[in-house]
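Chemist: Sharing protein-v8.tsv below, TSV, N, CA, C and O atoms:
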```tsv
chain	number	residue	atom	x	y	z
A	1	MET	N	15.25	-1.47	7.83
A	1	MET	CA	13.88	-1.28	8.27
A	1	MET	C	13.01	-2.35	7.61
A	1	MET	O	13.03	-2.50	6.39
A	2	LYS	N	12.25	-3.08	8.40
A	2	LYS	CA	11.38	-4.11	7.87
A	2	LYS	C	10.10	-3.48	7.31
A	2	LYS	O	9.53	-2.56	7.90
A	3	SER	N	9.67	-3.96	6.16
A	3	SER	CA	8.45	-3.44	5.54
A	3	SER	C	7.23	-3.92	6.30
A	3	SER	O	7.18	-5.05	6.77
A	4	PRO	N	6.20	-3.08	6.41
A	4	PRO	CA	4.97	-3.46	7.11
A	4	PRO	C	4.16	-4.46	6.29
A	4	PRO	O	4.34	-4.56	5.07
A	5	PRO	N	3.24	-5.17	6.93
A	5	PRO	CA	2.41	-6.13	6.19
A	5	PRO	C	1.38	-5.43	5.31
A	5	PRO	O	0.94	-4.32	5.61
A	6	CYS	N	1.01	-6.09	4.25
A	6	CYS	CA	-0.01	-5.58	3.33
A	6	CYS	C	-1.35	-5.48	4.08
A	6	CYS	O	-1.76	-6.44	4.73
A	7	PRO	N	-2.05	-4.35	3.97
A	7	PRO	CA	-3.34	-4.21	4.64
A	7	PRO	C	-4.41	-5.14	4.05
A	7	PRO	O	-5.43	-5.39	4.68
A	8	GLU	N	-4.19	-5.66	2.86
A	8	GLU	CA	-5.17	-6.53	2.21
A	8	GLU	C	-4.96	-8.00	2.51
A	8	GLU	O	-5.89	-8.70	2.89
A	9	CYS	N	-3.73	-8.50	2.33
A	9	CYS	CA	-3.50	-9.95	2.47
A	9	CYS	C	-2.55	-10.30	3.61
A	9	CYS	O	-2.28	-11.47	3.85
A	10	GLN	N	-2.01	-9.29	4.29
A	10	GLN	CA	-1.12	-9.46	5.45
A	10	GLN	C	0.26	-10.04	5.12
A	10	GLN	O	1.01	-10.38	6.03
A	11	ARG	N	0.62	-10.17	3.85
A	11	ARG	CA	1.98	-10.58	3.49
A	11	ARG	C	2.91	-9.37	3.64
A	11	ARG	O	2.47	-8.24	3.59
A	12	THR	N	4.19	-9.62	3.79
A	12	THR	CA	5.16	-8.54	3.92
A	12	THR	C	5.21	-7.73	2.64
A	12	THR	O	5.32	-8.28	1.55
A	13	GLY	N	5.13	-6.41	2.78
A	13	GLY	CA	5.18	-5.53	1.61
A	13	GLY	C	6.60	-5.22	1.20
A	13	GLY	O	7.55	-5.55	1.90
A	14	ARG	N	6.73	-4.57	0.07
A	14	ARG	CA	8.06	-4.18	-0.46
A	14	ARG	C	8.11	-2.66	-0.52
A	14	ARG	O	7.22	-2.01	-1.07
A	15	PHE	N	9.13	-2.07	0.06
A	15	PHE	CA	9.33	-0.63	0.06
A	15	PHE	C	9.66	-0.17	-1.35
A	15	PHE	O	10.54	-0.74	-2.01
A	16	LEU	N	8.97	0.86	-1.83
A	16	LEU	CA	9.22	1.40	-3.18
A	16	LEU	C	10.11	2.63	-3.04
A	16	LEU	O	9.64	3.76	-2.90
A	17	GLU	N	11.41	2.39	-3.10
A	17	GLU	CA	12.39	3.43	-2.82
A	17	GLU	C	12.32	4.61	-3.78
A	17	GLU	O	12.31	5.76	-3.35
A	18	CYS	N	12.29	4.36	-5.07
A	18	CYS	CA	12.28	5.45	-6.05
A	18	CYS	C	11.04	6.32	-5.92
A	18	CYS	O	11.12	7.54	-5.98
A	19	THR	N	9.89	5.70	-5.72
A	19	THR	CA	8.64	6.43	-5.59
A	19	THR	C	8.62	7.24	-4.29
A	19	THR	O	8.09	8.35	-4.26
A	20	SER	N	9.20	6.72	-3.26
A	20	SER	CA	9.17	7.37	-1.94
A	20	SER	C	10.22	8.47	-1.78
A	20	SER	O	10.09	9.31	-0.89
A	21	GLN	N	11.22	8.45	-2.61
A	21	GLN	CA	12.38	9.32	-2.42
A	21	GLN	C	12.01	10.80	-2.23
A	21	GLN	O	12.46	11.43	-1.29
A	22	ASP	N	11.21	11.37	-3.10
A	22	ASP	CA	10.85	12.79	-3.01
A	22	ASP	C	9.43	13.01	-2.51
A	22	ASP	O	8.94	14.14	-2.50
A	23	ALA	N	8.76	11.96	-2.08
A	23	ALA	CA	7.38	12.06	-1.61
A	23	ALA	C	7.33	12.39	-0.12
A	23	ALA	O	8.33	12.24	0.59
A	24	ARG	N	6.18	12.82	0.35
A	24	ARG	CA	5.99	13.10	1.77
A	24	ARG	C	5.62	11.84	2.56
A	24	ARG	O	5.51	11.89	3.77
A	25	VAL	N	5.42	10.75	1.84
A	25	VAL	CA	5.07	9.46	2.46
A	25	VAL	C	5.97	8.38	1.89
A	25	VAL	O	6.64	8.59	0.88
A	26	ASP	N	5.98	7.23	2.54
A	26	ASP	CA	6.70	6.06	2.02
A	26	ASP	C	5.70	5.14	1.35
A	26	ASP	O	4.63	4.85	1.91
A	27	TYR	N	6.02	4.69	0.15
A	27	TYR	CA	5.15	3.80	-0.62
A	27	TYR	C	5.59	2.35	-0.48
A	27	TYR	O	6.78	2.07	-0.45
A	28	TYR	N	4.60	1.46	-0.42
A	28	TYR	CA	4.83	0.02	-0.34
A	28	TYR	C	3.94	-0.69	-1.33
A	28	TYR	O	2.85	-0.19	-1.68
A	29	ARG	N	4.38	-1.86	-1.77
A	29	ARG	CA	3.61	-2.67	-2.71
A	29	ARG	C	3.71	-4.13	-2.29
A	29	ARG	O	4.76	-4.61	-1.89
A	30	CYS	N	2.59	-4.83	-2.42
A	30	CYS	CA	2.56	-6.25	-2.11
A	30	CYS	C	2.82	-7.04	-3.39
A	30	CYS	O	2.14	-6.84	-4.40
A	31	ASP	N	3.79	-7.94	-3.36
A	31	ASP	CA	4.09	-8.76	-4.53
A	31	ASP	C	3.04	-9.85	-4.73
A	31	ASP	O	2.90	-10.38	-5.82
A	32	ARG	N	2.30	-10.18	-3.69
A	32	ARG	CA	1.28	-11.23	-3.80
A	32	ARG	C	-0.02	-10.72	-4.43
A	32	ARG	O	-0.52	-11.28	-5.38
A	33	CYS	N	-0.56	-9.61	-3.90
A	33	CYS	CA	-1.87	-9.14	-4.38
A	33	CYS	C	-1.80	-7.81	-5.14
A	33	CYS	O	-2.82	-7.30	-5.58
A	34	ALA	N	-0.61	-7.22	-5.27
A	34	ALA	CA	-0.36	-5.98	-6.01
A	34	ALA	C	-0.97	-4.74	-5.37
A	34	ALA	O	-1.04	-3.69	-5.98
A	35	HIS	N	-1.40	-4.84	-4.12
A	35	HIS	CA	-1.95	-3.68	-3.41
A	35	HIS	C	-0.82	-2.67	-3.16
A	35	HIS	O	0.31	-3.05	-2.86
A	36	VAL	N	-1.13	-1.39	-3.28
A	36	VAL	CA	-0.16	-0.32	-3.01
A	36	VAL	C	-0.74	0.55	-1.90
A	36	VAL	O	-1.92	0.90	-1.92
A	37	TRP	N	0.11	0.90	-0.93
A	37	TRP	CA	-0.33	1.74	0.18
A	37	TRP	C	0.83	2.59	0.66
A	37	TRP	O	1.97	2.41	0.25
A	38	THR	N	0.53	3.56	1.51
A	38	THR	CA	1.55	4.45	2.05
A	38	THR	C	1.50	4.46	3.57
A	38	THR	O	0.51	4.08	4.18
A	39	HIS	N	2.62	4.90	4.15
A	39	HIS	CA	2.72	5.20	5.58
A	39	HIS	C	3.44	6.53	5.68
A	39	HIS	O	4.15	6.94	4.76
A	40	ARG	N	3.24	7.23	6.80
A	40	ARG	CA	3.98	8.47	7.01
A	40	ARG	C	5.47	8.21	6.82
A	40	ARG	O	5.97	7.14	7.14
A	41	LYS	N	6.18	9.18	6.31
A	41	LYS	CA	7.62	9.07	6.04
A	41	LYS	C	8.37	8.60	7.28
A	41	LYS	O	8.27	9.21	8.34
A	42	GLY	N	9.06	7.47	7.15
A	42	GLY	CA	9.87	6.93	8.23
A	42	GLY	C	9.08	6.33	9.38
A	42	GLY	O	9.64	6.06	10.43
A	43	ALA	N	7.75	6.12	9.21
A	43	ALA	CA	6.92	5.60	10.30
A	43	ALA	C	6.05	4.45	9.82
A	43	ALA	O	4.83	4.58	9.70
A	44	PRO	N	6.64	3.28	9.55
A	44	PRO	CA	5.85	2.16	9.05
A	44	PRO	C	4.81	1.64	10.04
A	44	PRO	O	3.92	0.89	9.68
A	45	GLU	N	4.91	2.07	11.31
A	45	GLU	CA	3.91	1.67	12.29
A	45	GLU	C	2.66	2.56	12.25
A	45	GLU	O	1.65	2.25	12.88
A	46	SER	N	2.70	3.66	11.48
A	46	SER	CA	1.54	4.54	11.34
A	46	SER	C	0.44	3.83	10.56
A	46	SER	O	0.70	2.86	9.85
A	47	PRO	N	-0.81	4.29	10.68
A	47	PRO	CA	-1.91	3.65	9.95
A	47	PRO	C	-1.68	3.71	8.43
A	47	PRO	O	-1.28	4.75	7.91
A	48	PRO	N	-1.91	2.61	7.72
A	48	PRO	CA	-1.71	2.61	6.27
A	48	PRO	C	-2.81	3.40	5.55
A	48	PRO	O	-3.95	3.45	6.01
A	49	GLN	N	-2.45	4.00	4.44
A	49	GLN	CA	-3.39	4.70	3.58
A	49	GLN	C	-3.37	4.02	2.22
A	49	GLN	O	-2.32	3.94	1.58
A	50	ASP	N	-4.52	3.54	1.77
A	50	ASP	CA	-4.59	2.83	0.50
A	50	ASP	C	-4.36	3.76	-0.68
A	50	ASP	O	-4.83	4.89	-0.70
A	51	VAL	N	-3.61	3.28	-1.66
A	51	VAL	CA	-3.42	3.99	-2.93
A	51	VAL	C	-4.26	3.29	-4.00
A	51	VAL	O	-4.92	3.94	-4.79
A	52	THR	N	-4.25	1.98	-3.99
A	52	THR	CA	-5.06	1.22	-4.94
A	52	THR	C	-6.40	0.86	-4.31
A	52	THR	O	-6.54	0.82	-3.09
A	53	THR	N	-7.38	0.62	-5.15
A	53	THR	CA	-8.71	0.21	-4.71
A	53	THR	C	-8.83	-1.28	-4.84
A	53	THR	O	-8.36	-1.87	-5.81
A	54	ARG	N	-9.45	-1.90	-3.85
A	54	ARG	CA	-9.65	-3.34	-3.93
A	54	ARG	C	-10.49	-3.66	-5.15
A	54	ARG	O	-11.39	-2.91	-5.52
A	55	VAL	N	-10.21	-4.76	-5.81
A	55	VAL	CA	-10.90	-5.16	-7.04
A	55	VAL	C	-12.39	-5.28	-6.80
A	55	VAL	O	-13.20	-4.83	-7.61
A	56	VAL	N	-12.81	-5.86	-5.71
A	56	VAL	CA	-14.24	-6.03	-5.42
A	56	VAL	C	-14.92	-4.68	-5.34
A	56	VAL	O	-15.99	-4.48	-5.91
A	57	GLU	N	-14.32	-3.71	-4.65
A	57	GLU	CA	-14.90	-2.38	-4.54
A	57	GLU	C	-14.97	-1.70	-5.90
A	57	GLU	O	-15.95	-1.03	-6.23
A	58	ALA	N	-13.94	-1.84	-6.71
A	58	ALA	CA	-13.93	-1.24	-8.04
A	58	ALA	C	-15.04	-1.82	-8.91
A	58	ALA	O	-15.71	-1.09	-9.64
A	59	ARG	N	-15.25	-3.13	-8.87
A	59	ARG	CA	-16.29	-3.74	-9.66
A	59	ARG	C	-17.67	-3.28	-9.24
A	59	ARG	O	-18.52	-3.02	-10.06
A	60	LEU	N	-17.89	-3.15	-7.94
A	60	LEU	CA	-19.18	-2.68	-7.45
A	60	LEU	C	-19.44	-1.26	-7.91
A	60	LEU	O	-20.56	-0.91	-8.29
A	61	THR	N	-18.42	-0.41	-7.93
A	61	THR	CA	-18.55	0.95	-8.38
A	61	THR	C	-18.87	1.00	-9.87
A	61	THR	O	-19.74	1.76	-10.31
A	62	LEU	N	-18.22	0.19	-10.68
A	62	LEU	CA	-18.44	0.19	-12.12
A	62	LEU	C	-19.82	-0.39	-12.49
A	62	LEU	O	-20.38	-0.02	-13.52
A	63	ASP	N	-20.33	-1.28	-11.67
A	63	ASP	CA	-21.63	-1.89	-11.98
A	63	ASP	C	-22.81	-0.98	-11.69
A	63	ASP	O	-23.92	-1.26	-12.10
A	64	ARG	N	-22.60	0.10	-11.01
A	64	ARG	CA	-23.70	1.01	-10.66
A	64	ARG	C	-24.14	1.86	-11.80
A	64	ARG	O	-23.59	2.17	-12.72
```
Just give me the structure of the file as structure tokens.

Modeler:
Amino acid sequence: MKSPPCPECQRTGRFLECTSQDARVDYYRCDRCAHVWTHRKGAPESPPQDVTTRVVEARLTLDR
């Protein structure tokens, strides 16, 4: 199964097998930008759900 592209930088993600094993979703991580996201179990074509927050968004939140 090919990993879906990163929702942040569009590079191919890496399936996180150990993390996904007992979870209800499949976890992916981008080696380029370190973004982590999930897809429904066994459905990489489903809409991605972010696990990590983009750095820009995090900085804006901390500056408030």

Chemist: Enumerate, as an NGL selection string, the complete set of residues in chain A that a backbone-based DSSP assignment places in helix (DSSP H, G or I).

Modeler: :A and (17-20 or 55-63)

Chemist: For N, CA, C and O atoms, I'd like the residues from the last selection saved as a PDB file, keeping the file's coordinate frame.

Modeler:
```pdb
ATOM      1  N   GLU A  17      11.410   2.390  -3.100  1.00  0.00           N
ATOM      2  CA  GLU A  17      12.390   3.430  -2.820  1.00  0.00           C
ATOM      3  C   GLU A  17      12.320   4.610  -3.780  1.00  0.00           C
ATOM      4  O   GLU A  17      12.310   5.760  -3.350  1.00  0.00           O
ATOM      5  N   CYS A  18      12.290   4.360  -5.070  1.00  0.00           N
ATOM      6  CA  CYS A  18      12.280   5.450  -6.050  1.00  0.00           C
ATOM      7  C   CYS A  18      11.040   6.320  -5.920  1.00  0.00           C
ATOM      8  O   CYS A  18      11.120   7.540  -5.980  1.00  0.00           O
ATOM      9  N   THR A  19       9.890   5.700  -5.720  1.00  0.00           N
ATOM     10  CA  THR A  19       8.640   6.430  -5.590  1.00  0.00           C
ATOM     11  C   THR A  19       8.620   7.240  -4.290  1.00  0.00           C
ATOM     12  O   THR A  19       8.090   8.350  -4.260  1.00  0.00           O
ATOM     13  N   SER A  20       9.200   6.720  -3.260  1.00  0.00           N
ATOM     14  CA  SER A  20       9.170   7.370  -1.940  1.00  0.00           C
ATOM     15  C   SER A  20      10.220   8.470  -1.780  1.00  0.00           C
ATOM     16  O   SER A  20      10.090   9.310  -0.890  1.00  0.00           O
ATOM     17  N   VAL A  55     -10.210  -4.760  -5.810  1.00  0.00           N
ATOM     18  CA  VAL A  55     -10.900  -5.160  -7.040  1.00  0.00           C
ATOM     19  C   VAL A  55     -12.390  -5.280  -6.800  1.00  0.00           C
ATOM     20  O   VAL A  55     -13.200  -4.830  -7.610  1.00  0.00           O
ATOM     21  N   VAL A  56     -12.810  -5.860  -5.710  1.00  0.00           N
ATOM     22  CA  VAL A  56     -14.240  -6.030  -5.420  1.00  0.00           C
ATOM     23  C   VAL A  56     -14.920  -4.680  -5.340  1.00  0.00           C
ATOM     24  O   VAL A  56     -15.990  -4.480  -5.910  1.00  0.00           O
ATOM     25  N   GLU A  57     -14.320  -3.710  -4.650  1.00  0.00           N
ATOM     26  CA  GLU A  57     -14.900  -2.380  -4.540  1.00  0.00           C
ATOM     27  C   GLU A  57     -14.970  -1.700  -5.900  1.00  0.00           C
ATOM     28  O   GLU A  57     -15.950  -1.030  -6.230  1.00  0.00           O
ATOM     29  N   ALA A  58     -13.940  -1.840  -6.710  1.00  0.00           N
ATOM     30  CA  ALA A  58     -13.930  -1.240  -8.040  1.00  0.00           C
ATOM     31  C   ALA A  58     -15.040  -1.820  -8.910  1.00  0.00           C
ATOM     32  O   ALA A  58     -15.710  -1.090  -9.640  1.00  0.00           O
ATOM     33  N   ARG A  59     -15.250  -3.130  -8.870  1.00  0.00           N
ATOM     34  CA  ARG A  59     -16.290  -3.740  -9.660  1.00  0.00           C
ATOM     35  C   ARG A  59     -17.670  -3.280  -9.240  1.00  0.00           C
ATOM     36  O   ARG A  59     -18.520  -3.020 -10.060  1.00  0.00           O
ATOM     37  N   LEU A  60     -17.890  -3.150  -7.940  1.00  0.00           N
ATOM     38  CA  LEU A  60     -19.180  -2.680  -7.450  1.00  0.00           C
ATOM     39  C   LEU A  60     -19.440  -1.260  -7.910  1.00  0.00           C
ATOM     40  O   LEU A  60     -20.560  -0.910  -8.290  1.00  0.00           O
ATOM     41  N   THR A  61     -18.420  -0.410  -7.930  1.00  0.00           N
ATOM     42  CA  THR A  61     -18.550   0.950  -8.380  1.00  0.00           C
ATOM     43  C   THR A  61     -18.870   1.000  -9.870  1.00  0.00           C
ATOM     44  O   THR A  61     -19.740   1.760 -10.310  1.00  0.00           O
ATOM     45  N   LEU A  62     -18.220   0.190 -10.680  1.00  0.00           N
ATOM     46  CA  LEU A  62     -18.440   0.190 -12.120  1.00  0.00           C
ATOM     47  C   LEU A  62     -19.820  -0.390 -12.490  1.00  0.00           C
ATOM     48  O   LEU A  62     -20.380  -0.020 -13.520  1.00  0.00           O
ATOM     49  N   ASP A  63     -20.330  -1.280 -11.670  1.00  0.00           N
ATOM     50  CA  ASP A  63     -21.630  -1.890 -11.980  1.00  0.00           C
ATOM     51  C   ASP A  63     -22.810  -0.980 -11.690  1.00  0.00           C
ATOM     52  O   ASP A  63     -23.920  -1.260 -12.100  1.00  0.00           O
TER      53      ASP A  63
END
```

Chemist: Name the closest residue to A:Ala23 among the candidates A:Lys41, A:Pro5, A:Ser46, A:Thr52; distances are taken between atoms, counting all atoms listed in the file.

Modeler: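 Looking only at the distances to A:Ala23, the closest residue turns out to be A:Lys41.
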
Chemist: So, with only C-alpha atoms as the atoms that count, which of A:Asp31, A:Asp26, A:Ser20, A:Pro44 lies closest to A:Ser3?

Modeler: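 The answer is A:Pro44, which sits nearest to A:Ser3.
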
Chemist: Do you have the atom O of A:Lys2-atom N of A:Pro47 distance handy?

Modeler: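 Atom-to-atom, atom O of A:Lys2 to atom N of A:Pro47, that is 12.7 Å.
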
Chemist: Distance atom C of A:Asp22-atom O of A:Thr38, one decimal place?

Modeler: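 Separation of atom C of A:Asp22 and atom O of A:Thr38: 14.3 Å.
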
Chemist: Skipping near chain neighbours, those fewer than 3 positions away, what residues fall within 9 Å of A:Pro7 using only C-alpha atoms, listed as an MDAnalysis selection string?

Modeler: chainID A and resid 4 10:11 35 37 48:50

Chemist: Do you have the atom CA of A:Arg32-atom CA of A:Cys9 distance handy?

Modeler: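 So the answer is 8.0 Å.
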
Chemist: Grab stretch 18-47 of chain A from that structure and dump N, CA, C and O atoms to a file, as an mmCIF file, in the first residue's frame.

Modeler:
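Produced file result34.cif, reproduced below:
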```cif
data_model
loop_
_atom_site.group_PDB
_atom_site.id
_atom_site.type_symbol
_atom_site.label_atom_id
_atom_site.label_comp_id
_atom_site.auth_asym_id
_atom_site.auth_seq_id
_atom_site.Cartn_x
_atom_site.Cartn_y
_atom_site.Cartn_z
ATOM 1 N N CYS A 18 3.987 0.585 14.002
ATOM 2 C CA CYS A 18 3.841 0.293 15.437
ATOM 3 C C CYS A 18 2.742 1.144 16.081
ATOM 4 O O CYS A 18 1.949 0.646 16.862
ATOM 5 N N THR A 19 2.696 2.412 15.727
ATOM 6 C CA THR A 19 1.693 3.320 16.288
ATOM 7 C C THR A 19 0.297 2.948 15.796
ATOM 8 O O THR A 19 -0.678 3.058 16.546
ATOM 9 N N SER A 20 0.190 2.505 14.586
ATOM 10 C CA SER A 20 -1.108 2.200 13.979
ATOM 11 C C SER A 20 -1.654 0.825 14.354
ATOM 12 O O SER A 20 -2.852 0.580 14.217
ATOM 13 N N GLN A 21 -0.798 -0.034 14.820
ATOM 14 C CA GLN A 21 -1.164 -1.438 15.025
ATOM 15 C C GLN A 21 -2.444 -1.617 15.850
ATOM 16 O O GLN A 21 -3.345 -2.334 15.442
ATOM 17 N N ASP A 22 -2.550 -1.003 17.008
ATOM 18 C CA ASP A 22 -3.721 -1.169 17.876
ATOM 19 C C ASP A 22 -4.643 0.040 17.855
ATOM 20 O O ASP A 22 -5.601 0.098 18.626
ATOM 21 N N ALA A 23 -4.385 0.997 16.988
ATOM 22 C CA ALA A 23 -5.195 2.216 16.920
ATOM 23 C C ALA A 23 -6.384 2.022 15.981
ATOM 24 O O ALA A 23 -6.419 1.088 15.181
ATOM 25 N N ARG A 24 -7.352 2.917 16.076
ATOM 26 C CA ARG A 24 -8.510 2.884 15.190
ATOM 27 C C ARG A 24 -8.240 3.597 13.864
ATOM 28 O O ARG A 24 -9.083 3.591 12.977
ATOM 29 N N VAL A 25 -7.084 4.228 13.775
ATOM 30 C CA VAL A 25 -6.679 4.946 12.563
ATOM 31 C C VAL A 25 -5.269 4.530 12.187
ATOM 32 O O VAL A 25 -4.562 3.919 12.978
ATOM 33 N N ASP A 26 -4.869 4.875 10.967
ATOM 34 C CA ASP A 26 -3.492 4.649 10.528
ATOM 35 C C ASP A 26 -2.729 5.962 10.638
ATOM 36 O O ASP A 26 -3.218 7.010 10.200
ATOM 37 N N TYR A 27 -1.548 5.913 11.230
ATOM 38 C CA TYR A 27 -0.711 7.098 11.422
ATOM 39 C C TYR A 27 0.366 7.178 10.344
ATOM 40 O O TYR A 27 0.922 6.159 9.946
ATOM 41 N N TYR A 28 0.640 8.412 9.911
ATOM 42 C CA TYR A 28 1.671 8.688 8.917
ATOM 43 C C TYR A 28 2.520 9.850 9.390
ATOM 44 O O TYR A 28 2.049 10.716 10.143
ATOM 45 N N ARG A 29 3.772 9.879 8.930
ATOM 46 C CA ARG A 29 4.690 10.962 9.277
ATOM 47 C C ARG A 29 5.485 11.342 8.040
ATOM 48 O O ARG A 29 5.906 10.491 7.260
ATOM 49 N N CYS A 30 5.705 12.635 7.889
ATOM 50 C CA CYS A 30 6.500 13.138 6.776
ATOM 51 C C CYS A 30 7.949 13.275 7.229
ATOM 52 O O CYS A 30 8.225 13.920 8.243
ATOM 53 N N ASP A 31 8.867 12.672 6.491
ATOM 54 C CA ASP A 31 10.285 12.777 6.831
ATOM 55 C C ASP A 31 10.845 14.154 6.487
ATOM 56 O O ASP A 31 11.867 14.552 7.024
ATOM 57 N N ARG A 32 10.187 14.875 5.601
ATOM 58 C CA ARG A 32 10.674 16.201 5.203
ATOM 59 C C ARG A 32 10.301 17.287 6.223
ATOM 60 O O ARG A 32 11.138 18.031 6.685
ATOM 61 N N CYS A 33 9.006 17.366 6.594
ATOM 62 C CA CYS A 33 8.566 18.462 7.472
ATOM 63 C C CYS A 33 8.132 17.994 8.858
ATOM 64 O O CYS A 33 7.728 18.801 9.685
ATOM 65 N N ALA A 34 8.179 16.690 9.125
ATOM 66 C CA ALA A 34 7.855 16.083 10.426
ATOM 67 C C ALA A 34 6.379 16.169 10.795
ATOM 68 O O ALA A 34 6.002 15.915 11.930
ATOM 69 N N HIS A 35 5.520 16.502 9.844
ATOM 70 C CA HIS A 35 4.080 16.553 10.112
ATOM 71 C C HIS A 35 3.566 15.135 10.349
ATOM 72 O O HIS A 35 4.003 14.185 9.697
ATOM 73 N N VAL A 36 2.638 14.979 11.288
ATOM 74 C CA VAL A 36 2.024 13.686 11.582
ATOM 75 C C VAL A 36 0.520 13.830 11.363
ATOM 76 O O VAL A 36 -0.087 14.813 11.786
ATOM 77 N N TRP A 37 -0.071 12.837 10.695
ATOM 78 C CA TRP A 37 -1.500 12.865 10.429
ATOM 79 C C TRP A 37 -2.038 11.444 10.400
ATOM 80 O O TRP A 37 -1.289 10.484 10.410
ATOM 81 N N THR A 38 -3.357 11.324 10.389
ATOM 82 C CA THR A 38 -4.002 10.019 10.363
ATOM 83 C C THR A 38 -4.989 9.937 9.201
ATOM 84 O O THR A 38 -5.425 10.952 8.662
ATOM 85 N N HIS A 39 -5.317 8.698 8.843
ATOM 86 C CA HIS A 39 -6.397 8.381 7.916
ATOM 87 C C HIS A 39 -7.177 7.237 8.546
ATOM 88 O O HIS A 39 -6.652 6.502 9.389
ATOM 89 N N ARG A 40 -8.443 7.093 8.151
ATOM 90 C CA ARG A 40 -9.211 5.949 8.631
ATOM 91 C C ARG A 40 -8.436 4.664 8.370
ATOM 92 O O ARG A 40 -7.729 4.543 7.378
ATOM 93 N N LYS A 41 -8.574 3.707 9.243
ATOM 94 C CA LYS A 41 -7.863 2.422 9.145
ATOM 95 C C LYS A 41 -8.085 1.786 7.780
ATOM 96 O O LYS A 41 -9.215 1.575 7.359
ATOM 97 N N GLY A 42 -6.982 1.548 7.066
ATOM 98 C CA GLY A 42 -7.031 0.893 5.771
ATOM 99 C C GLY A 42 -7.594 1.746 4.643
ATOM 100 O O GLY A 42 -7.892 1.223 3.579
ATOM 101 N N ALA A 43 -7.751 3.071 4.864
ATOM 102 C CA ALA A 43 -8.347 3.938 3.844
ATOM 103 C C ALA A 43 -7.507 5.197 3.640
ATOM 104 O O ALA A 43 -7.912 6.295 4.020
ATOM 105 N N PRO A 44 -6.323 5.073 3.028
ATOM 106 C CA PRO A 44 -5.465 6.245 2.853
ATOM 107 C C PRO A 44 -6.061 7.310 1.939
ATOM 108 O O PRO A 44 -5.582 8.431 1.905
ATOM 109 N N GLU A 45 -7.138 6.969 1.222
ATOM 110 C CA GLU A 45 -7.799 7.962 0.380
ATOM 111 C C GLU A 45 -8.793 8.826 1.173
ATOM 112 O O GLU A 45 -9.294 9.828 0.660
ATOM 113 N N SER A 46 -9.063 8.462 2.430
ATOM 114 C CA SER A 46 -9.965 9.251 3.271
ATOM 115 C C SER A 46 -9.323 10.590 3.614
ATOM 116 O O SER A 46 -8.102 10.744 3.524
ATOM 117 N N PRO A 47 -10.122 11.587 4.016
ATOM 118 C CA PRO A 47 -9.549 12.899 4.363
ATOM 119 C C PRO A 47 -8.554 12.779 5.530
ATOM 120 O O PRO A 47 -8.833 12.085 6.512
#
```
